[in-house]
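Below: one structure, written as structure tokens.
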Amino acid sequence: MRQLKKWWQLLIAVVLSVSLTGCSTDDWFAEQIDPPESLVELEDDFPSSSVARQVARPVGQTETVTLERVIDGDTLKVEFENGATESIRLLLIDTPETSHPTLPVQPFGEDAKSFVERWLPEGDAITLEYDVGRYDRYQRTLAYVWYDDAMLNEELLRRGLARVAYVYAPNTQHIDAFRAVEREARQDLLGIWSLEDYVTGNGFSSEATEPAQSGRDADECNIKGNINREGTKIYHVPNGASYERTIPEEMFCSEKEAIEAGFRRAAR
């Protein structure tokens with residue numbers, strides 16, 4: 001009872017102090033919560049490539065949900081209108097790990113998470129855009145996430161805080177746009193691209209510590225990795241017999257990179 005009395009005394013003191021300053025209690029409590037930052041405000045800490053926005057608006061089915069919390073750069077926890085909560089995995093991208101059960105915190109993982117936390121306000125509405133397939137093998141909902149007329153997946157790529165990855169047909173409606181944005185971030189040596197050989201076809205290398213010297217040419221990473229129905233990983237080089245008709249699930253900058261990711265070269 002004594003603690004309850006002290007709590008009420010504190011609340012009354014707050015209300016009185018707010019009233020004396022001419023503010024409402026709503027104004028006072030609102031000032032205690034940091035507002036979300038715009039993409040322009042975030043530019044100093046998370047510079048982006050100069051490439052124009054590739055995806056202007058959702059093209060697939062959309063649904064409005066409430067952001068509950070940010071798990072890491074590419075995973076969110078949200079609440080649906082029916083009260084159910086689910087983990088949302090951002091489609092077609094991969095950010096470095098921050099809370100993996102067997103991996104240490106990877107370079108730029110905390111940066112990716114911080115960018116999302118500062119841009120997306122917890123408790124606010126965000127929009128999910130779906131592709132064809134709705135869930136991954138862990139039963140996480142797969143989506144492109146929209147807020148303030150911009151897509152989170154693309155903005156992470158634009159700032160070099162994510163790589164294009166986990167490309168599995170038929171969930172590929174924005175893949176060409178994503179690859180264009182990734183090329184620009186790589187050429188500008190932003191974020192994950194600032195470390196030589198840090199980004200691989202199989203994730204991020206913990207052994208990469210040397211600064212990258214120069215951006216790669218836009219056409220350099222042109223080896224297509226494809227997984228067939230039997231699960232065999234095959235890569236196709238330009239001028240190969242099946243290169244033009246192959247829809248890539250991974251792109252590699254060298255045959256060595258493809259082999260290290262577990263792919264073998266196509267027979268023709």
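Going through the structure tokens in order, the chains are called A, B, and so on, while each chain numbers its residues from 1 and the ligands are numbered from 1 in the order shown.
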
Report as an NGL selection string: the residues of stretch 45-262 of chain A with a DSSP assignment of strand (DSSP E), based on the backbone of this structure. :A and (62-72 or 75-79 or 85-90 or 93-94 or 125-129 or 141-147 or 150-151 or 163-164 or 199-200 or 203-204 or 223-227 or 233-236 or 250-252)

Using only C-alpha atoms: which of A:Thr98, A:Thr232, A:Ser242, A:Ser49 has the shortest distance to A:Gly73: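 So, comparing all the options, the nearest one is A:Thr98.
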
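A straight line drawn from atom CA of A:Gly240 to atom CA of A:Arg186 is 25.6 Å long.
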
Within 12 Å of A:Asp188, counting only C-alpha atoms, which residues show up once you throw out same-chain ones fewer than 2 positions away? Write them as a PDB file with C-alpha atoms, in the first residue's frame, please.
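As written to disk, result-v9.pdb reads:
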ATOM      1  CA  PRO A  47      24.582   6.732 -46.495  1.00  0.00           C
ATOM      2  CA  SER A  48      22.874   5.283 -49.545  1.00  0.00           C
ATOM      3  CA  SER A  49      23.906   4.777 -53.137  1.00  0.00           C
ATOM      4  CA  SER A  50      22.689   7.326 -55.647  1.00  0.00           C
ATOM      5  CA  VAL A  51      20.629   4.862 -57.679  1.00  0.00           C
ATOM      6  CA  LEU A 157      20.260  -2.995 -50.096  1.00  0.00           C
ATOM      7  CA  ARG A 158      20.703   0.662 -51.064  1.00  0.00           C
ATOM      8  CA  ARG A 159      22.815   1.285 -47.945  1.00  0.00           C
ATOM      9  CA  GLY A 160      24.961  -1.823 -48.267  1.00  0.00           C
ATOM     10  CA  VAL A 181      20.339  -1.528 -56.283  1.00  0.00           C
ATOM     11  CA  GLU A 182      22.863  -4.050 -54.947  1.00  0.00           C
ATOM     12  CA  ARG A 183      25.248  -3.369 -57.858  1.00  0.00           C
ATOM     13  CA  GLU A 184      25.299   0.345 -57.053  1.00  0.00           C
ATOM     14  CA  ALA A 185      25.918  -0.219 -53.338  1.00  0.00           C
ATOM     15  CA  ARG A 186      28.726  -2.640 -54.176  1.00  0.00           C
ATOM     16  CA  LEU A 190      28.884   0.820 -48.854  1.00  0.00           C
ATOM     17  CA  GLY A 191      28.492  -1.199 -45.664  1.00  0.00           C
ATOM     18  CA  ILE A 192      29.065  -4.910 -46.235  1.00  0.00           C
ATOM     19  CA  TRP A 193      30.821  -4.123 -49.516  1.00  0.00           C
ATOM     20  CA  SER A 194      33.524  -2.083 -47.757  1.00  0.00           C
ATOM     21  CA  LEU A 195      35.330  -5.276 -46.650  1.00  0.00           C
ATOM     22  CA  ALA A 212      37.910  -3.235 -50.217  1.00  0.00           C
ATOM     23  CA  GLN A 213      40.030  -1.237 -52.626  1.00  0.00           C
ATOM     24  CA  SER A 214      37.598  -0.414 -55.393  1.00  0.00           C
ATOM     25  CA  GLY A 215      34.061  -1.145 -56.489  1.00  0.00           C
ATOM     26  CA  ARG A 216      33.495  -4.078 -58.780  1.00  0.00           C
ATOM     27  CA  ASP A 217      32.222  -3.532 -62.283  1.00  0.00           C
ATOM     28  CA  ALA A 218      28.472  -3.845 -62.575  1.00  0.00           C
TER      29      ALA A 218
END

Find, counting only C-alpha atoms, the residue in A:Leu39, A:Val132, A:Ile223, A:Leu67 that gets nearest to A:Ala150.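 Comparing A:Leu39, A:Val132, A:Ile223, A:Leu67 against A:Ala150, the winner is A:Leu39.
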
Residue with the minimum atom-to-atom distance to A:Ala169, picked from A:Arg140, A:His100, A:Lys113, A:Arg229 with only C-alpha atoms counted, is A:Arg229

Shortest interatomic distance to A:Glu249 - which of A:Thr172, A:Gln61, A:Thr200, A:Gln187, counting only C-alpha atoms: A:Thr172

Would you work out the distance separating atom CA of A:Ile227 from atom CA of A:Tyr138, expressed in Å to one decimal? 19.4 Å

Residues near A:Ser38, cut-off 9 Å, only C-alpha atoms, skip fewer than 2 positions along chain, as a ChimeraX atom specification: /A:36,40-43,118-119,148

Since we have the selection now, will you write its residues out, keeping N, CA, C and O atoms, as a PDB file, in the first residue's frame?
ATOM      1  N   PRO A  36      10.195   8.359 -34.923  1.00  0.00           N
ATOM      2  CA  PRO A  36      10.982   7.705 -35.969  1.00  0.00           C
ATOM      3  C   PRO A  36      11.718   8.739 -36.809  1.00  0.00           C
ATOM      4  O   PRO A  36      11.259   9.873 -36.945  1.00  0.00           O
ATOM      5  N   VAL A  40      15.846  10.693 -44.892  1.00  0.00           N
ATOM      6  CA  VAL A  40      16.784  11.808 -45.072  1.00  0.00           C
ATOM      7  C   VAL A  40      17.613  12.013 -43.807  1.00  0.00           C
ATOM      8  O   VAL A  40      18.832  12.204 -43.865  1.00  0.00           O
ATOM      9  N   GLU A  41      16.973  11.949 -42.648  1.00  0.00           N
ATOM     10  CA  GLU A  41      17.679  12.133 -41.379  1.00  0.00           C
ATOM     11  C   GLU A  41      18.678  11.011 -41.116  1.00  0.00           C
ATOM     12  O   GLU A  41      19.703  11.225 -40.469  1.00  0.00           O
ATOM     13  N   LEU A  42      18.388   9.826 -41.638  1.00  0.00           N
ATOM     14  CA  LEU A  42      19.259   8.671 -41.415  1.00  0.00           C
ATOM     15  C   LEU A  42      20.454   8.649 -42.365  1.00  0.00           C
ATOM     16  O   LEU A  42      21.368   7.847 -42.193  1.00  0.00           O
ATOM     17  N   GLU A  43      20.444   9.531 -43.341  1.00  0.00           N
ATOM     18  CA  GLU A  43      21.461   9.493 -44.387  1.00  0.00           C
ATOM     19  C   GLU A  43      22.875   9.707 -43.839  1.00  0.00           C
ATOM     20  O   GLU A  43      23.835   9.124 -44.348  1.00  0.00           O
ATOM     21  N   ARG A 118      15.520   2.554 -36.060  1.00  0.00           N
ATOM     22  CA  ARG A 118      15.408   4.003 -36.075  1.00  0.00           C
ATOM     23  C   ARG A 118      14.410   4.508 -37.110  1.00  0.00           C
ATOM     24  O   ARG A 118      13.843   5.586 -36.962  1.00  0.00           O
ATOM     25  N   TRP A 119      14.209   3.735 -38.177  1.00  0.00           N
ATOM     26  CA  TRP A 119      13.284   4.167 -39.221  1.00  0.00           C
ATOM     27  C   TRP A 119      11.849   3.714 -38.939  1.00  0.00           C
ATOM     28  O   TRP A 119      10.906   4.484 -39.104  1.00  0.00           O
ATOM     29  N   ASP A 148       6.067   4.532 -44.998  1.00  0.00           N
ATOM     30  CA  ASP A 148       6.290   5.893 -45.496  1.00  0.00           C
ATOM     31  C   ASP A 148       6.624   5.898 -46.988  1.00  0.00           C
ATOM     32  O   ASP A 148       7.535   6.594 -47.441  1.00  0.00           O
TER      33      ASP A 148
END

So, with only C-alpha atoms as the atoms that count, which of A:Leu103, A:Gly109, A:Val145, A:Pro96 lies closest to A:Thr64?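 Residue with the minimum atom-to-atom distance to A:Thr64: A:Val145.
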
Extract, using only C-alpha atoms, all DNA, RNA and protein residues at most 12 Å from A:Glu117, discarding same-chain residues fewer than 2 positions from it, and format them as an NGL selection string. :A and (34-38 or 42 or 67-76 or 110-115 or 119-124 or 152)

Would you pick out the contacts of A:Tyr243 at 12 Å or less, using only C-alpha atoms, so that residues sharing its chain but fewer than 2 positions from it are not included, and give the list as a ChimeraX atom specification? /A:222-226,234-241,245-248,265-268

Leaving out A:Phe178 and any residue of its chain fewer than 6 positions from it, which residues lie within 8 Å of it when counting only C-alpha atoms, given as a ChimeraX atom specification? /A:54,154,157,164

Pick from A:Ile93, A:Ile259, A:Val116, A:Leu128, whichever lies nearest to A:His174 using only C-alpha atoms: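 Of all the options, A:Ile93 lies closest to A:His174.
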
Please, which residues of stretch 1-249 of chain A, numbered as in this document, come out helix (DSSP H, G or I) from DSSP, as a VMD selection string? chain A and resid 2 to 20 25 to 31 39 to 42 109 to 119 152 to 158 175 to 187 191 to 194
